[in-house]
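The data block below is start19.cif; it holds mmCIF, C-alpha atoms.
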```
data_coords
#
loop_
_atom_site.label_atom_id
_atom_site.label_comp_id
_atom_site.auth_asym_id
_atom_site.auth_seq_id
_atom_site.Cartn_x
_atom_site.Cartn_y
_atom_site.Cartn_z
CA MET A 53 -11.13 7.62 24.66
CA GLN A 54 -10.47 8.44 21.02
CA GLN A 55 -12.31 6.53 18.33
CA ARG A 56 -10.64 5.28 15.22
CA PRO A 57 -11.74 6.88 11.99
CA ARG A 58 -14.02 4.63 10.00
CA PHE A 59 -13.27 3.92 6.40
CA LYS A 60 -16.04 4.22 3.88
CA ARG A 61 -16.54 1.52 1.30
CA PRO A 62 -15.34 2.56 -2.12
CA ILE A 63 -18.11 3.78 -4.38
CA LEU A 64 -16.52 2.21 -7.46
CA SER A 65 -15.72 -1.47 -7.81
CA PHE A 66 -12.14 -2.67 -8.19
CA ASP A 67 -12.69 -3.22 -11.93
CA GLU A 68 -14.08 0.27 -12.35
CA ARG A 69 -11.18 1.82 -10.45
CA LEU A 70 -8.65 -0.10 -12.57
CA ALA A 71 -10.38 0.95 -15.80
CA GLN A 72 -10.52 4.56 -14.61
CA GLU A 73 -6.81 4.52 -13.74
CA ALA A 74 -5.97 3.02 -17.16
CA ARG A 75 -7.93 5.77 -18.93
CA ARG A 76 -6.24 8.45 -16.84
CA VAL A 77 -2.73 7.13 -17.48
CA ARG A 78 -3.42 6.63 -21.21
CA GLU A 79 -4.60 10.24 -21.59
CA GLN A 80 -1.63 11.53 -19.62
CA ALA A 81 0.81 9.52 -21.77
CA LYS A 82 -0.75 10.89 -24.98
CA THR A 83 0.16 14.44 -23.99
CA MET A 84 3.78 13.69 -23.11
CA PRO A 85 6.70 13.84 -25.53
CA PRO A 86 8.67 10.63 -26.12
CA GLY A 87 11.09 9.94 -23.31
CA ILE A 88 11.69 8.14 -20.05
CA GLU A 89 8.67 9.61 -18.23
CA ARG A 90 6.31 8.60 -21.03
CA GLU A 91 7.75 5.09 -21.14
CA SER A 92 7.25 4.86 -17.39
CA LEU A 93 3.59 5.84 -17.80
CA LEU A 94 3.14 3.30 -20.60
CA ALA A 95 4.62 0.59 -18.36
CA LYS A 96 2.15 1.57 -15.63
CA LEU A 97 -0.65 1.40 -18.21
CA ARG A 98 0.38 -2.14 -19.21
CA GLN A 99 0.46 -3.19 -15.55
CA THR A 100 -2.99 -1.70 -14.93
CA GLU A 101 -4.47 -3.36 -18.01
CA THR A 102 -2.90 -6.69 -17.04
CA ALA A 103 -4.37 -6.40 -13.54
CA LEU A 104 -7.77 -5.68 -15.09
CA HIS A 105 -7.55 -8.76 -17.33
CA VAL A 106 -6.37 -11.00 -14.48
CA ASN A 107 -9.20 -9.78 -12.27
CA GLU A 108 -11.74 -10.47 -15.04
CA TRP A 109 -10.25 -13.93 -15.54
CA VAL A 110 -10.39 -14.76 -11.82
CA ALA A 111 -14.02 -13.62 -11.63
CA SER A 112 -15.05 -15.58 -14.76
CA ARG A 113 -17.72 -18.26 -14.53
CA GLY A 114 -15.28 -20.99 -15.49
CA LEU A 115 -13.29 -20.49 -12.30
CA GLN A 116 -16.22 -20.32 -9.91
CA PRO A 117 -16.73 -23.33 -7.62
CA ARG A 118 -19.67 -25.62 -8.26
CA LYS A 119 -22.71 -25.15 -6.11
#
```
Would you kindly transcribe this structure into structure tokens?
Amino acid sequence: MQQRPRFKRPILSFDERLAQEARRVREQAKTMPPGIERESLLAKLRQTETALHVNEWVASRGLQPRK
């Protein structure tokens, strides 16, 4: 019987991965000339930064249930 491959837990947290992706996309966009591809990267950067802010907001102390 074959066993399923096990997935390892990510080393970085979700916030760290989002921040890393935002930095990567920002640096890539800086090197590109103006055009459709650059605008696409900037849109992805905005989405990534928005996801980061939403995740921070959801994890904030004000939204945590009372104990």
**Study point:** Residue nearest Val77 of chain A - candidates A:Lys119, A:Arg90, A:Arg113, A:Arg61, atoms counted: only C-alpha atoms
**Key:** A:Arg90
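When all atoms listed in the file are used to measure the gap to Arg98 of chain A, the shortest distance among A:Ala71, A:Gln55, A:Ser112, A:Pro117 belongs to A:Ala71.
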Point to revise | atom CA of Ala103 of chain A to atom CA of Pro85 of chain A, distance in Å rounded to a single decimal | key: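 Atom-to-atom, atom CA of Ala103 of chain A and atom CA of Pro85 of chain A are spaced 26.0 Å apart.
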Review point. Using only C-alpha atoms, which residues sit within 9 Å of segment 104-111 of chain A once same-chain residues fewer than 4 positions away are excluded, as a PyMOL selection string?
Key: chain A and resi 66-67+70-71+99-100+115-116
**Study point:** Neighbour list for Ala95 of chain A as a list in words, cut-off 12 Å, only C-alpha atoms, skip fewer than 6 positions in-chain
**Key:** Ala74, Val77, Arg78, Ala81, Ile88, Glu89, Glu101 and Thr102 of chain A
Quick one: what's the axis-aligned box for segment 70-84 of chain A, all listed atoms, 6 Å on every side, centre and edges in Å to one decimal, as lines of an AutoDock Vina configuration file?
```
center_x = -3.4
center_y = 7.2
center_z = -18.8
size_x = 26.3
size_y = 26.5
size_z = 24.4
```
**Study point:** Atomic separation - atom CA of Leu94 of chain A relative to atom CA of Gln80 of chain A, Å
**Key:**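 One can read the atom CA of Gln80 of chain A to atom CA of Leu94 of chain A distance as 9.6 Å.
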Practice item. Go ahead and compute the interatomic distance for atom CA of Arg76 of chain A and atom CA of Leu93 of chain A, in Å to one decimal. Key: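 So the two atoms, atom CA of Arg76 of chain A and atom CA of Leu93 of chain A, lie 10.2 Å apart.
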